[in-house]
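Student: My structure is in structure30.cif, and what it holds is mmCIF, C-alpha atoms and all ligand atoms:
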data_coords
#
loop_
_atom_site.label_atom_id
_atom_site.label_comp_id
_atom_site.auth_asym_id
_atom_site.auth_seq_id
_atom_site.Cartn_x
_atom_site.Cartn_y
_atom_site.Cartn_z
CA MET F 1 110.92 84.78 115.95
CA MET F 2 111.47 81.55 114.09
CA ALA F 3 113.14 78.41 115.24
CA TYR F 4 116.52 78.00 113.69
CA HIS F 5 118.52 74.81 113.67
CA ILE F 6 121.94 74.16 112.32
CA LYS F 7 121.38 70.94 110.52
CA ILE F 8 121.98 69.71 107.04
CA ARG F 9 119.39 67.79 105.09
CA PHE F 10 119.50 66.47 101.56
CA LYS F 11 116.72 65.68 99.20
CA LEU F 12 117.97 62.86 97.03
CA LEU F 13 117.03 62.47 93.43
CA PRO F 14 115.34 59.08 93.23
CA GLY F 15 117.12 56.48 91.15
CA SER F 16 120.33 58.41 90.90
CA ARG F 17 123.31 56.12 90.87
CA TYR F 18 125.13 58.64 92.99
CA ALA F 19 122.62 58.20 95.78
CA ILE F 20 124.76 55.34 96.98
CA LEU F 21 127.65 57.76 97.53
CA LEU F 22 125.72 60.34 99.42
CA PRO F 23 125.19 58.70 102.79
CA PHE F 24 128.98 58.73 103.18
CA LEU F 25 129.24 62.38 102.25
CA LEU F 26 126.34 63.16 104.55
CA LEU F 27 128.08 61.58 107.49
CA SER F 28 130.85 64.10 107.11
CA PHE F 29 128.46 67.04 106.73
CA GLN F 30 126.63 66.01 109.87
CA SER F 31 129.72 66.19 112.01
CA GLN F 32 128.83 69.84 112.62
CA ALA F 33 127.21 71.09 115.78
CA ASP F 34 123.45 70.76 115.90
CA THR F 35 122.76 73.81 118.04
CA PRO F 36 119.19 75.02 118.16
CA LEU F 37 119.21 78.82 118.17
CA LYS F 38 116.28 81.15 117.77
CA GLY F 39 116.99 83.80 115.20
CA ASP F 40 115.34 87.23 115.26
CA ILE F 41 114.79 88.45 111.71
CA LYS F 42 114.23 92.11 112.67
CA ASN F 43 117.44 92.23 114.62
CA GLY F 44 119.21 90.56 111.70
CA GLN F 45 117.88 93.25 109.41
CA SER F 46 119.24 96.04 111.56
CA ILE F 47 122.69 94.47 111.99
CA ALA F 48 122.80 93.93 108.23
CA ALA F 49 121.88 97.56 107.54
CA GLU F 50 124.70 98.68 109.77
CA LYS F 51 127.42 96.19 108.89
CA CYS F 52 126.72 94.24 105.71
CA ASP F 53 124.49 96.02 103.23
CA ARG F 54 127.20 98.39 102.05
CA CYS F 55 128.81 95.49 100.23
CA HIS F 56 126.09 92.82 100.01
CA GLY F 57 123.27 95.18 98.98
CA SER F 58 120.19 96.17 100.93
CA GLY F 59 118.12 93.18 99.79
CA GLY F 60 121.04 90.76 100.08
CA ILE F 61 121.70 91.34 96.39
CA SER F 62 125.13 92.73 95.77
CA GLU F 63 125.98 95.04 92.91
CA ASP F 64 129.64 94.19 92.99
CA VAL F 65 130.57 91.12 90.93
CA ASP F 66 133.18 89.97 93.46
CA THR F 67 130.75 90.05 96.38
CA PRO F 68 128.31 87.13 96.68
CA HIS F 69 124.57 87.59 96.98
CA LEU F 70 123.20 86.43 100.30
CA ALA F 71 119.45 86.65 99.58
CA SER F 72 117.55 83.39 100.12
CA GLN F 73 120.57 81.28 101.07
CA SER F 74 119.61 78.82 103.78
CA ALA F 75 120.20 80.13 107.28
CA ASP F 76 122.35 77.09 108.00
CA TYR F 77 124.65 77.86 105.11
CA THR F 78 124.99 81.55 105.97
CA PHE F 79 125.46 80.88 109.68
CA LYS F 80 128.18 78.37 108.92
CA GLN F 81 130.01 80.72 106.56
CA ILE F 82 129.93 83.61 109.04
CA ASN F 83 131.18 81.28 111.74
CA ASP F 84 133.88 79.91 109.43
CA TYR F 85 135.13 83.43 108.63
CA LYS F 86 135.12 84.25 112.32
CA ASN F 87 137.16 81.13 113.17
CA LYS F 88 139.32 81.60 110.08
CA THR F 89 138.23 78.19 108.87
CA ARG F 90 137.36 80.12 105.73
CA GLU F 91 140.05 82.72 105.26
CA ASP F 92 139.18 86.18 104.06
CA LYS F 93 140.71 89.17 105.84
CA ASN F 94 137.93 91.50 104.86
CA MET F 95 135.10 89.23 106.00
CA TYR F 96 136.97 88.32 109.19
CA LYS F 97 137.02 91.99 110.18
CA ARG F 98 133.26 92.30 109.58
CA VAL F 99 132.23 89.28 111.63
CA ARG F 100 134.87 88.73 114.30
CA LYS F 101 132.86 90.52 116.99
CA LEU F 102 129.49 88.93 116.24
CA ASN F 103 128.13 86.48 118.79
CA ASP F 104 126.18 83.32 117.93
CA GLN F 105 122.85 85.03 118.45
CA GLN F 106 123.68 87.90 116.09
CA MET F 107 124.95 85.40 113.54
CA ALA F 108 121.70 83.44 113.74
CA ASP F 109 119.70 86.68 113.40
CA LEU F 110 121.64 87.69 110.30
CA ALA F 111 121.39 84.20 108.79
CA LEU F 112 117.62 84.14 109.23
CA TRP F 113 117.25 87.65 107.80
CA PHE F 114 119.17 86.77 104.62
CA GLU F 115 117.22 83.53 104.24
CA SER F 116 113.97 85.51 104.28
CA LEU F 117 115.00 87.67 101.30
CA LYS F 118 113.83 86.61 97.88
CA LEU F 119 115.87 86.34 94.74
CA PRO F 120 114.26 88.31 91.92
CA GLU F 121 112.66 86.04 89.33
CA ILE F 122 114.32 86.11 85.95
CA ASP F 123 112.26 86.39 82.78
CA PRO F 124 111.35 82.70 82.15
CA SER F 125 111.82 83.05 78.39
CA ALA F 126 115.47 83.95 78.98
CA LYS F 127 116.05 80.53 80.50
CA THR F 128 114.72 78.36 77.72
CA ASN F 129 117.98 78.09 75.77
CA LEU F 130 120.14 77.36 78.74
CA LYS F 131 121.78 73.98 78.53
CA PRO F 132 123.51 72.77 81.67
CA PRO F 133 127.16 71.74 81.32
CA GLN F 134 127.54 67.95 81.44
CA VAL F 135 129.06 67.85 84.93
CA VAL F 136 126.15 69.85 86.31
CA ALA F 137 123.42 67.62 84.91
CA ILE F 138 124.93 64.14 84.77
CA GLY F 139 128.40 64.33 86.24
CA ASP F 140 131.25 62.26 84.88
CA THR F 141 131.63 58.65 86.01
CA GLU F 142 135.14 58.36 84.60
CA ARG F 143 136.42 61.11 86.85
CA ALA F 144 134.01 60.12 89.66
CA ILE F 145 132.30 63.51 89.56
CA PRO F 146 128.72 63.38 90.84
CA PRO F 147 126.30 65.76 89.13
CA CYS F 148 126.35 69.13 90.89
CA SER F 149 122.57 69.13 90.64
CA ILE F 150 122.26 66.21 93.05
CA CYS F 151 123.11 68.59 95.89
CA HIS F 152 122.62 72.08 94.45
CA GLY F 153 119.24 71.26 92.92
CA LYS F 154 118.11 70.78 89.34
CA ASP F 155 117.51 74.50 88.92
CA GLY F 156 120.46 75.52 91.09
CA LYS F 157 118.02 76.54 93.81
CA THR F 158 118.41 73.76 96.32
CA THR F 159 116.34 73.85 99.46
CA ALA F 160 118.75 71.53 101.27
CA GLU F 161 119.98 73.25 104.38
CA GLY F 162 123.68 73.91 104.43
CA VAL F 163 124.00 73.68 100.66
CA PRO F 164 124.21 77.01 98.84
CA ILE F 165 121.90 78.13 96.08
CA LEU F 166 124.05 78.71 93.01
CA ALA F 167 121.37 80.04 90.63
CA GLY F 168 121.92 83.73 90.04
CA GLN F 169 125.16 83.91 91.95
CA SER F 170 127.71 86.21 90.37
CA ALA F 171 129.85 84.33 87.82
CA ASP F 172 132.98 86.21 88.91
CA TYR F 173 132.45 85.23 92.54
CA MET F 174 131.67 81.62 91.56
CA ILE F 175 134.83 81.36 89.49
CA SER F 176 137.02 82.76 92.24
CA THR F 177 135.52 80.58 94.98
CA MET F 178 135.86 77.45 92.80
CA GLU F 179 139.50 78.39 92.08
CA TYR F 180 140.01 78.73 95.85
CA PHE F 181 138.53 75.25 96.37
CA LYS F 182 140.82 74.00 93.62
CA ASP F 183 144.05 75.46 94.99
CA GLY F 184 143.03 74.63 98.57
CA SER F 185 142.79 78.21 99.84
CA ARG F 186 139.09 77.56 100.54
CA ASP F 187 138.83 74.34 102.49
CA ASN F 188 135.89 74.88 104.82
CA ASP F 189 133.62 72.34 103.09
CA PRO F 190 132.77 69.48 105.45
CA GLY F 191 134.62 66.30 104.58
CA ALA F 192 136.40 68.17 101.74
CA ALA F 193 133.52 66.93 99.60
CA VAL F 194 133.36 70.02 97.40
CA GLN F 195 137.12 70.46 97.05
CA THR F 196 137.48 66.87 95.94
CA ILE F 197 134.95 67.42 93.17
CA VAL F 198 136.05 70.89 92.08
CA LYS F 199 139.73 69.87 91.91
CA LYS F 200 138.81 67.57 89.04
CA LEU F 201 137.30 70.35 86.95
CA SER F 202 139.24 72.18 84.25
CA ASP F 203 139.29 75.98 84.22
CA ILE F 204 137.11 75.89 81.12
CA GLU F 205 134.53 73.76 82.91
CA ILE F 206 134.61 76.07 85.91
CA GLU F 207 133.89 79.04 83.68
CA ALA F 208 131.04 77.29 81.89
CA ILE F 209 129.50 76.20 85.19
CA ALA F 210 129.75 79.69 86.67
CA HIS F 211 128.11 81.34 83.68
CA TYR F 212 125.40 78.69 83.51
CA TYR F 213 124.42 79.18 87.15
CA ALA F 214 124.70 82.97 86.94
CA ALA F 215 122.29 82.96 84.01
CA LEU F 216 119.88 80.58 85.74
CA GLY F 217 118.48 82.87 88.30
CA GLY F 218 117.79 86.27 89.45
CA ARG F 219 120.17 89.06 88.99
CA PRO F 220 120.26 90.44 85.46
CA ALA F 221 122.89 93.07 86.32
CA GLN F 222 125.39 90.34 86.91
CA ILE F 223 124.73 88.20 83.87
CA GLU F 224 127.68 89.00 81.68
CA GLN F 225 128.04 86.14 79.24
C1 LIG F 301 133.66 95.42 102.64
C2 LIG F 301 132.67 94.62 101.97
C3 LIG F 301 131.92 93.58 102.79
C4 LIG F 301 131.21 93.77 103.97
C5 LIG F 301 131.00 95.06 104.74
C6 LIG F 301 130.64 92.47 104.30
N1 LIG F 301 131.00 91.53 103.36
FE1 LIG F 301 130.49 89.57 103.37
N2 LIG F 301 131.66 89.25 101.72
C7 LIG F 301 132.38 90.22 101.04
C8 LIG F 301 133.20 89.57 100.02
C9 LIG F 301 134.12 90.28 99.04
C10 LIG F 301 132.95 88.18 100.12
C11 LIG F 301 133.63 87.05 99.36
C12 LIG F 301 134.83 86.62 100.19
C13 LIG F 301 135.43 85.29 99.81
O1 LIG F 301 135.81 85.11 98.65
O2 LIG F 301 135.50 84.41 100.70
C14 LIG F 301 131.96 88.02 101.20
C15 LIG F 301 131.42 86.79 101.57
C16 LIG F 301 130.40 86.63 102.49
C17 LIG F 301 129.70 85.39 102.75
C18 LIG F 301 129.89 84.07 102.02
C19 LIG F 301 128.75 83.87 101.03
C20 LIG F 301 128.82 82.60 100.25
O3 LIG F 301 128.07 82.47 99.27
O4 LIG F 301 129.59 81.71 100.60
C21 LIG F 301 128.80 85.64 103.75
C22 LIG F 301 127.81 84.67 104.38
C23 LIG F 301 128.94 87.03 104.11
N3 LIG F 301 129.91 87.61 103.33
C24 LIG F 301 128.20 87.65 105.11
C25 LIG F 301 128.41 88.98 105.52
C26 LIG F 301 127.77 89.56 106.67
C27 LIG F 301 126.77 88.85 107.56
C28 LIG F 301 128.24 90.84 106.78
C29 LIG F 301 127.91 91.87 107.83
C30 LIG F 301 128.10 91.47 109.22
C31 LIG F 301 129.18 91.06 105.68
N4 LIG F 301 129.27 89.88 104.95
C32 LIG F 301 129.87 92.24 105.42
C33 LIG F 301 132.34 91.58 101.29
C34 LIG F 301 131.79 92.18 102.42
C1 LIG F 302 127.52 66.06 97.90
C2 LIG F 302 126.85 67.32 97.69
C3 LIG F 302 127.51 68.30 96.72
C4 LIG F 302 127.86 68.08 95.41
C5 LIG F 302 127.72 66.81 94.57
C6 LIG F 302 128.37 69.36 94.92
N1 LIG F 302 128.34 70.30 95.91
FE1 LIG F 302 128.91 72.22 95.78
N2 LIG F 302 128.59 72.48 97.76
C7 LIG F 302 128.06 71.54 98.62
C8 LIG F 302 128.07 72.06 99.98
C9 LIG F 302 127.56 71.33 101.23
C10 LIG F 302 128.65 73.34 99.91
C11 LIG F 302 128.92 74.29 101.08
C12 LIG F 302 130.32 74.01 101.64
C13 LIG F 302 130.66 74.94 102.80
O1 LIG F 302 130.17 74.70 103.91
O2 LIG F 302 131.38 75.92 102.57
C14 LIG F 302 128.94 73.58 98.49
C15 LIG F 302 129.49 74.76 98.01
C16 LIG F 302 129.72 75.03 96.68
C17 LIG F 302 130.13 76.31 96.15
C18 LIG F 302 130.35 77.60 96.95
C19 LIG F 302 129.14 78.51 96.79
C20 LIG F 302 129.26 79.82 97.53
O3 LIG F 302 128.24 80.53 97.61
O4 LIG F 302 130.35 80.14 98.01
C21 LIG F 302 130.26 76.18 94.80
C22 LIG F 302 130.66 77.24 93.80
C23 LIG F 302 129.93 74.79 94.49
N3 LIG F 302 129.59 74.11 95.64
C24 LIG F 302 129.95 74.27 93.22
C25 LIG F 302 129.72 72.91 92.93
C26 LIG F 302 129.88 72.34 91.61
C27 LIG F 302 130.30 73.11 90.37
C28 LIG F 302 129.58 71.00 91.72
C29 LIG F 302 129.59 69.94 90.65
C30 LIG F 302 130.79 69.83 89.85
C31 LIG F 302 129.22 70.77 93.12
N4 LIG F 302 129.33 71.95 93.82
C32 LIG F 302 128.83 69.56 93.62
C33 LIG F 302 127.59 70.29 98.26
C34 LIG F 302 127.82 69.68 97.03
#
So, in terms of structure tokens, how does the structure I just supplied come out?
Ligand code: HEC
Ligand code: HEC
Tutor:
Amino acid sequence: MMAYHIKIRFKLLPGSRYAILLPFLLLSFQSQADTPLKGDIKNGQSIAAEKCDRCHGSGGISEDVDTPHLASQSADYTFKQINDYKNKTREDKNMYKRVRKLNDQQMADLALWFESLKLPEIDPSAKTNLKPPQVVAIGDTERAIPPCSICHGKDGKTTAEGVPILAGQSADYMISTMEYFKDGSRDNDPGAAVQTIVKKLSDIEIEAIAHYYAALGGRPAQIEQ
């Protein structure tokens, strides 16, 4: 048993000029419930084996490009997404059916189980030529786009609770979820902070970002450049 708290924390990059913006964004993220729940990893594992692994893979690593990997995502992020699907705050018919009968305890168990799973390490030499797209590394002051890395981490593997790891996520999934943020069909991000940013990105930028993050971490089967 491990303590599990729904809370969102950010590690700020020192000296970043966007740091000034973040306290305002944080206020909106923190409007969520701060409910301490104890998650049971073993129980999470068995619910996952029964209800989730068929699509998300037995180690939280999916083989289907349209299905996101869940391995090592923070428990807060996963809990929130499951809850959002259940409440239809994040709309997806398929996921709604899978989670609508789960109670808070089972959701916490699942979230903790997926957090405990490791992403496979990618061959470090494969990463050396990767250059982050401009919006990822430095953002764009003209369009008021903060660098994605400020929240998602320099290597796409943020440890901030409530913020998803993007490194190694399937490019196809990333593109579709960013398109959903853009056209408003995904609007479960607190304070609309992510939608506001992603709406300013062109489709070409979205594709470059998705492929960059997919190549950054983990799952070679899904790196289709
Ligand atoms: C029939 C296949 C299928 C099953 C079974 C399934 N999922 Fe999913 N899951 C998906 C797909 C496809 C998506 C992407 C949906 C979208 O675009 O919102 C998804 C998305 C998610 C996400 C969002 C991840 C992210 O990065 O935002 C979470 C969390 C999740 N599923 C958890 C679960 C859990 C927990 C279970 C078991 C109780 C489960 N899923 C069962 C197919 C499935
Ligand atoms: C202020 C912090 C912040 C910044 C800056 C930010 N994000 Fe996010 N991002 C988040 C949070 C928090 C979520 C989770 C929202 C939710 O609860 O669904 C998220 C979710 C996402 C997701 C969904 C991942 C998944 O697994 O479904 C994608 C894709 C994404 N962001 C891409 C980007 C890109 C690209 C940029 C830069 C152009 C960016 N983000 C900038 C905080 C941020």
Student: Ligand LIG 301 (chain F): which residues are within 9 Å, counting all atoms listed in the file, as a VMD selection string?
Tutor: chain F and resid 44 47 to 56 64 to 70 73 77 to 83 85 90 to 100 102 106 to 107 110 to 111 114 164 to 166 169 173 to 174 176 to 177 180 186
Student: Mind giving me the straight-line distance from CA of Met178 (chain F) to CA of Ser62 (chain F) in Å, one decimal?
Tutor: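 One can read the CA of Met178 (chain F) to CA of Ser62 (chain F) distance as 18.9 Å.
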Student: Just how far from CA of Leu130 (chain F) is CA of Tyr212 (chain F), in Å to one decimal?
Tutor: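 We find that CA of Tyr212 (chain F) and CA of Leu130 (chain F) lie 7.2 Å from each other.
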Student: Provide the CA of Gly184 (chain F) to atom O2 of ligand LIG 302 (chain F) distance in Å, to one decimal place.
Tutor: 12.4 Å
Student: For ligand LIG 302 (chain F), which residue among F:Asp183, F:Asp109, F:Glu63, F:Asp76 is the nearest when counting all atoms listed in the file?
Tutor: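 Of F:Asp183, F:Asp109, F:Glu63, F:Asp76, the one nearest ligand LIG 302 (chain F), counting all atoms listed in the file, is F:Asp76.
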